[in-house]
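> Below is the file target24.cif, which contains mmCIF, C-alpha atoms.
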data_work
#
loop_
_atom_site.label_atom_id
_atom_site.label_comp_id
_atom_site.auth_asym_id
_atom_site.auth_seq_id
_atom_site.Cartn_x
_atom_site.Cartn_y
_atom_site.Cartn_z
CA MET L 1 -5.63 10.76 -9.83
CA LYS L 2 -6.98 8.79 -12.76
CA THR L 3 -10.07 7.98 -10.72
CA LEU L 4 -10.46 11.65 -9.82
CA LEU L 5 -10.36 12.77 -13.45
CA LEU L 6 -12.79 10.07 -14.43
CA LEU L 7 -15.21 11.43 -11.86
CA ILE L 8 -14.85 15.11 -12.83
CA PRO L 9 -17.36 15.10 -15.72
CA ALA L 10 -19.87 13.06 -13.73
CA LEU L 11 -19.54 15.23 -10.62
CA PHE L 12 -19.88 18.39 -12.64
CA PHE L 13 -22.90 17.03 -14.48
CA SER L 14 -24.53 16.16 -11.19
CA SER L 15 -23.84 19.51 -9.52
CA ALA L 16 -24.69 21.59 -12.58
CA PHE L 17 -27.92 19.96 -13.65
CA SER L 18 -29.51 18.10 -10.73
CA GLY L 19 -32.39 20.02 -9.22
CA ASN L 20 -32.29 22.69 -11.93
CA THR L 21 -35.82 22.91 -13.29
CA GLN L 22 -34.81 25.26 -16.13
CA THR L 23 -32.15 23.03 -17.62
CA SER L 24 -34.58 20.67 -19.33
CA ASN L 25 -36.09 23.60 -21.21
CA THR L 26 -32.74 24.80 -22.53
CA PRO L 27 -32.08 23.91 -26.17
CA ALA L 28 -29.49 21.11 -26.42
CA LYS L 29 -27.12 23.18 -28.56
CA TYR L 30 -26.73 25.71 -25.71
CA GLN L 31 -26.05 23.15 -23.01
CA LEU L 32 -22.49 22.45 -21.92
CA GLN L 33 -21.09 19.29 -23.49
CA LEU L 34 -19.15 17.42 -20.84
CA PRO L 35 -15.84 15.98 -22.09
CA SER L 36 -14.64 12.53 -21.14
CA THR L 37 -11.32 12.02 -19.39
CA SER L 38 -9.66 10.99 -22.65
CA GLU L 39 -11.08 14.07 -24.39
CA ILE L 40 -9.74 16.31 -21.64
CA GLY L 41 -6.26 14.85 -22.04
CA LYS L 42 -6.27 14.98 -25.83
CA GLY L 43 -7.83 18.44 -25.95
CA LEU L 44 -5.25 19.95 -23.64
CA LYS L 45 -2.36 18.30 -25.46
CA ASP L 46 -3.73 19.53 -28.79
CA ALA L 47 -3.89 23.05 -27.37
CA LEU L 48 -0.33 22.87 -26.10
CA LEU L 49 0.90 21.51 -29.42
CA GLN L 50 -0.90 24.35 -31.20
CA GLY L 51 0.54 26.99 -28.88
CA THR L 52 4.13 25.77 -28.86
CA SER L 53 4.19 25.16 -32.61
CA LYS L 54 2.90 28.65 -33.34
CA SER L 55 5.39 30.21 -30.93
CA THR L 56 8.42 28.38 -32.30
CA ASP L 57 7.40 29.07 -35.91
CA GLN L 58 7.04 32.78 -35.20
CA LEU L 59 10.31 33.13 -33.32
CA SER L 60 12.38 31.02 -35.71
CA ALA L 61 11.41 33.26 -38.65
CA VAL L 62 13.63 36.15 -39.74
CA ASN L 63 13.14 39.00 -37.26
CA GLY L 64 11.22 36.72 -34.92
CA PHE L 65 13.37 38.08 -32.11
CA PHE L 66 15.00 41.12 -33.72
CA GLY L 67 11.65 42.59 -34.81
CA ASN L 68 9.86 41.96 -31.51
CA ALA L 69 10.55 44.77 -29.04
CA ALA L 70 9.30 42.68 -26.11
CA ILE L 71 11.98 40.00 -26.53
CA LYS L 72 14.66 41.62 -28.71
CA ILE L 73 18.07 40.76 -27.26
CA VAL L 74 20.41 43.65 -26.55
CA PHE L 75 23.72 43.94 -24.71
CA PRO L 76 23.63 42.37 -21.24
CA PRO L 77 22.67 44.90 -18.55
CA GLU L 78 26.10 44.61 -16.95
CA ALA L 79 27.70 45.43 -20.30
CA LYS L 80 25.81 48.66 -20.97
CA ASN L 81 28.75 50.79 -19.90
CA ALA L 82 31.05 48.80 -22.13
CA GLU L 83 28.68 49.28 -25.07
CA LYS L 84 28.48 53.01 -24.38
CA THR L 85 32.26 53.25 -24.28
CA LEU L 86 32.67 51.31 -27.51
CA ARG L 87 30.07 53.40 -29.32
CA GLY L 88 31.81 56.51 -28.06
CA LEU L 89 34.98 55.26 -29.74
CA GLY L 90 33.18 54.93 -33.06
CA PHE L 91 32.34 51.22 -32.97
CA ASN L 92 28.61 51.67 -33.61
CA LYS L 93 28.53 49.20 -36.49
CA LEU L 94 30.30 46.54 -34.50
CA CYS L 95 27.91 47.01 -31.57
CA ASP L 96 24.96 46.83 -33.94
CA ASN L 97 26.37 43.62 -35.40
CA VAL L 98 26.63 42.12 -31.93
CA ILE L 99 22.95 42.90 -31.26
CA LEU L 100 21.81 41.64 -34.66
CA SER L 101 23.83 38.46 -34.30
CA LEU L 102 22.39 37.83 -30.84
CA ASN L 103 18.89 37.91 -32.28
CA ARG L 104 19.72 35.93 -35.40
CA ALA L 105 21.29 33.31 -33.15
CA ALA L 106 18.13 33.13 -31.06
CA GLU L 107 16.02 32.79 -34.21
CA ASP L 108 18.22 29.94 -35.41
CA ALA L 109 18.04 28.22 -32.04
CA ALA L 110 14.25 28.49 -31.77
CA LYS L 111 13.97 25.91 -34.56
CA GLN L 112 15.33 23.31 -32.14
CA ALA L 113 12.55 23.81 -29.61
CA LYS L 114 9.55 22.19 -31.29
CA PRO L 115 10.59 18.50 -30.92
CA ILE L 116 11.56 19.16 -27.30
CA PHE L 117 8.10 20.53 -26.53
CA ILE L 118 6.44 17.66 -28.38
CA GLY L 119 8.41 15.22 -26.21
CA ALA L 120 7.31 17.02 -23.04
CA ILE L 121 3.67 16.94 -24.16
CA LYS L 122 3.82 13.19 -24.82
CA LYS L 123 5.21 12.57 -21.33
CA MET L 124 2.38 14.38 -19.55
CA THR L 125 0.58 12.46 -16.85
CA LEU L 126 -3.08 12.75 -15.91
CA GLN L 127 -1.97 14.78 -12.91
CA ASP L 128 -0.08 17.19 -15.18
CA VAL L 129 -3.17 17.59 -17.37
CA ASP L 130 -5.35 18.35 -14.35
CA LYS L 131 -2.92 20.93 -12.94
CA ILE L 132 -2.56 22.70 -16.27
CA LEU L 133 -6.18 22.76 -17.40
CA PHE L 134 -7.58 23.90 -14.06
CA GLY L 135 -4.51 25.84 -12.91
CA PRO L 136 -3.45 29.48 -13.28
CA GLN L 137 -3.34 31.15 -16.67
CA ASP L 138 0.37 30.36 -17.11
CA ALA L 139 0.22 26.79 -15.78
CA ALA L 140 1.28 25.27 -19.10
CA THR L 141 4.19 27.70 -19.45
CA GLN L 142 5.33 26.78 -15.94
CA TYR L 143 5.14 23.11 -16.84
CA PHE L 144 7.28 23.62 -19.95
CA ARG L 145 9.84 25.66 -18.03
CA GLN L 146 10.26 22.85 -15.54
CA ALA L 147 10.14 20.02 -18.06
CA THR L 148 12.22 21.43 -20.92
CA SER L 149 14.62 24.15 -19.74
CA ALA L 150 17.63 21.85 -19.33
CA GLN L 151 17.06 20.28 -22.77
CA LEU L 152 16.58 23.67 -24.38
CA VAL L 153 19.93 24.89 -23.03
CA LEU L 154 21.67 21.83 -24.46
CA ALA L 155 19.94 22.22 -27.83
CA PHE L 156 20.24 26.00 -28.09
CA LYS L 157 23.81 26.64 -27.03
CA PRO L 158 25.61 24.95 -29.96
CA VAL L 159 23.36 26.79 -32.41
CA ILE L 160 23.90 30.08 -30.58
CA ASN L 161 27.66 29.58 -30.64
CA ALA L 162 27.69 28.82 -34.36
CA SER L 163 25.51 31.81 -35.18
CA LEU L 164 27.56 34.22 -33.10
CA ALA L 165 30.73 32.95 -34.74
CA LYS L 166 29.41 33.85 -38.19
CA VAL L 167 30.03 37.55 -37.61
CA GLY L 168 32.74 37.24 -34.99
CA ALA L 169 30.40 38.59 -32.32
CA ALA L 170 31.46 36.11 -29.65
CA LYS L 171 35.15 36.87 -30.07
CA TYR L 172 34.62 40.61 -30.29
CA TYR L 173 32.40 40.66 -27.21
CA GLY L 174 34.81 38.41 -25.34
CA ASP L 175 37.73 40.71 -26.17
CA ALA L 176 35.74 43.79 -25.19
CA ALA L 177 34.65 42.21 -21.92
CA GLY L 178 38.23 41.19 -21.18
CA GLU L 179 39.54 44.70 -21.67
CA TYR L 180 36.69 46.23 -19.70
CA ASN L 181 37.25 43.83 -16.81
CA LYS L 182 40.84 45.07 -16.52
CA LEU L 183 39.67 48.55 -15.59
CA PRO L 184 39.80 49.41 -11.88
CA PHE L 185 36.66 49.74 -9.80
CA VAL L 186 34.30 48.23 -12.39
CA LYS L 187 31.90 45.36 -11.93
CA ARG L 188 33.20 42.46 -13.98
CA ILE L 189 31.06 41.27 -16.87
CA ASN L 190 30.76 37.72 -18.15
CA PRO L 191 32.91 37.42 -21.30
CA ASP L 192 30.87 34.41 -22.51
CA LEU L 193 28.18 35.95 -24.67
CA SER L 194 26.69 32.57 -25.59
CA ASP L 195 25.49 31.89 -22.03
CA TYR L 196 23.61 35.17 -22.00
CA ALA L 197 22.23 34.73 -25.52
CA THR L 198 21.09 31.18 -24.79
CA GLN L 199 19.19 32.22 -21.68
CA LYS L 200 17.62 35.23 -23.37
CA ALA L 201 16.52 33.06 -26.30
CA ILE L 202 14.85 30.62 -23.91
CA ASP L 203 13.24 33.45 -21.93
CA GLY L 204 11.88 34.93 -25.16
CA LEU L 205 10.47 31.57 -26.19
CA PHE L 206 8.63 31.11 -22.90
CA TYR L 207 7.36 34.70 -23.10
CA GLN L 208 5.76 33.90 -26.47
CA ILE L 209 4.37 30.59 -25.25
CA ALA L 210 2.77 32.37 -22.28
CA LEU L 211 1.04 34.76 -24.70
CA GLU L 212 -0.29 31.85 -26.75
CA GLU L 213 -1.47 30.04 -23.63
CA LEU L 214 -3.32 33.13 -22.44
CA ASN L 215 -4.86 33.57 -25.88
CA ILE L 216 -6.29 30.05 -25.89
CA ARG L 217 -7.58 30.40 -22.34
CA LYS L 218 -9.18 33.82 -22.83
CA ASN L 219 -10.10 33.96 -26.52
CA ILE L 220 -12.79 31.53 -27.61
CA GLY L 221 -11.88 32.20 -31.23
CA ALA L 222 -8.39 30.78 -30.65
CA ARG L 223 -9.84 27.36 -29.85
CA SER L 224 -9.49 26.07 -33.37
CA THR L 225 -11.25 22.69 -33.13
CA PRO L 226 -14.54 21.44 -31.66
CA LEU L 227 -12.56 19.40 -29.13
CA LEU L 228 -10.62 22.44 -27.90
CA GLN L 229 -13.86 24.37 -27.61
CA LYS L 230 -15.49 21.58 -25.65
CA VAL L 231 -12.61 21.01 -23.23
CA PHE L 232 -11.90 24.67 -22.50
CA ALA L 233 -15.59 25.52 -22.16
CA PHE L 234 -15.70 22.82 -19.49
CA ALA L 235 -12.60 24.30 -17.81
CA ASP L 236 -14.14 27.77 -17.94
CA SER L 237 -17.30 26.49 -16.27
CA LYS L 238 -15.31 24.98 -13.40
CA LYS L 239 -13.63 28.32 -12.67
CA HIS L 240 -16.85 30.33 -12.38
#
As structure tokens, what does this structure read like?


Amino acid sequence: MKTLLLLIPALFFSSAFSGNTQTSNTPAKYQLQLPSTSEIGKGLKDALLQGTSKSTDQLSAVNGFFGNAAIKIVFPPEAKNAEKTLRGLGFNKLCDNVILSLNRAAEDAAKQAKPIFIGAIKKMTLQDVDKILFGPQDAATQYFRQATSAQLVLAFKPVINASLAKVGAAKYYGDAAGEYNKLPFVKRINPDLSDYATQKAIDGLFYQIALEELNIRKNIGARSTPLLQKVFAFADSKKH
């Protein structure tokens, strides 16, 4: 694999410029600058660090989850009937507190993600770099899902539990789920709200990372350094 990546710039240079009589007349500043293998690795890792850092910073801020309609955490789908029943009994404020606490918990937990992503980036192999840079538009997000999901669950859940406990949301939801599960002919709901909140927080994080990845791949202006511009211009050229 290392040999393959070492050959990529040379092979591309050969195929792109050999036999092309117009290339020599093209001003140097408009010609594609071919990155070395080390530049490819560093450039991609810099991009991933930029994307994950921006995502975690955004989501760990106040209303990072609660103010984002795309990832705002609400009652679990299987608990919608329970929520409707509770609101019908006049418990609107309590239901609202559950929803707010779910999102505040996710925002608290998102702070734990950055060092986990940094660790995954440092462990990348040359093969990982190749698959991500020249892969589909969500290749980096897929890599992080595979490499970090188990660690994120372990890091997020204690924070989620502590946050939910602040307003008694976990106990209230657990009691409500317990009573609802006693009713005949209903589909039982999971009384453990923290499992649901943890997974939704992680899903929201990967949703945001996917947006940042797509932005860097598609938006030249998002490539904030000359190295990022050089590496992703090279990747773009290989896909055309």

> Take atom CA of Gln50 of chain L and atom CA of Pro158 of chain L and report the distance between them in Å, one decimal.

26.5 Å

> Just give me the gap between atom CA of Ala61 of chain L and atom CA of Gln112 of chain L in Å, one decimal is fine.

12.5 Å

> Go through segment 118-161 of chain L and flag each residue having an atom no more than 12 Å from segment 222-234 of chain L; for those, report the closest pair of atoms plus their distance in Å to one decimal, using all atoms listed in the file, ordered by chain and rising number, as CSV.


residue,atom,partner,partner_atom,distance
L:Val129,CA,L:Val231,CA,11.6
L:Asp130,CA,L:Val231,CA,11.8
L:Ile132,CA,L:Phe232,CA,11.4
L:Leu133,CA,L:Phe232,CA,7.9
L:Phe134,CA,L:Phe232,CA,9.5

> Counting all atoms listed in the file, write as an MDAnalysis selection string all protein and nucleic acid residues lying at most 8 Å from (20.5, 28.1, -24.9) in the file's frame.

chainID L and resid 109 152:158 160 194:195 197:202

> Within 12 Å of segment 177-185 of chain L, counting all atoms listed in the file, which residues qualify if same-chain residues fewer than 4 places away don't, as number ranges by chain?

L: 75-76, 78-86, 169-173, 189-193

> Could you pull out every residue with an atom within 6 Å of (12.3, 35.8, -37.2), file coordinates, counting all atoms listed in the file, and send them as JSON, numbers by chain?

{"L": [59, 60, 61, 62, 63, 64, 65, 107]}

> Pick out the closest residue to Gly51 of chain L from this set: L:Ala235, L:Ile220, L:Ile209, L:Cys95. Count all atoms listed in the file.

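Checking each candidate against Gly51 of chain L, we get L:Ile209 as the closest.
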
> Using only C-alpha atoms, which residue out of L:Leu44, L:Val159, L:Leu94, L:Leu34 lies closest to Glu213 of chain L?

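Selected residue with least distance to Glu213 of chain L: L:Leu44.
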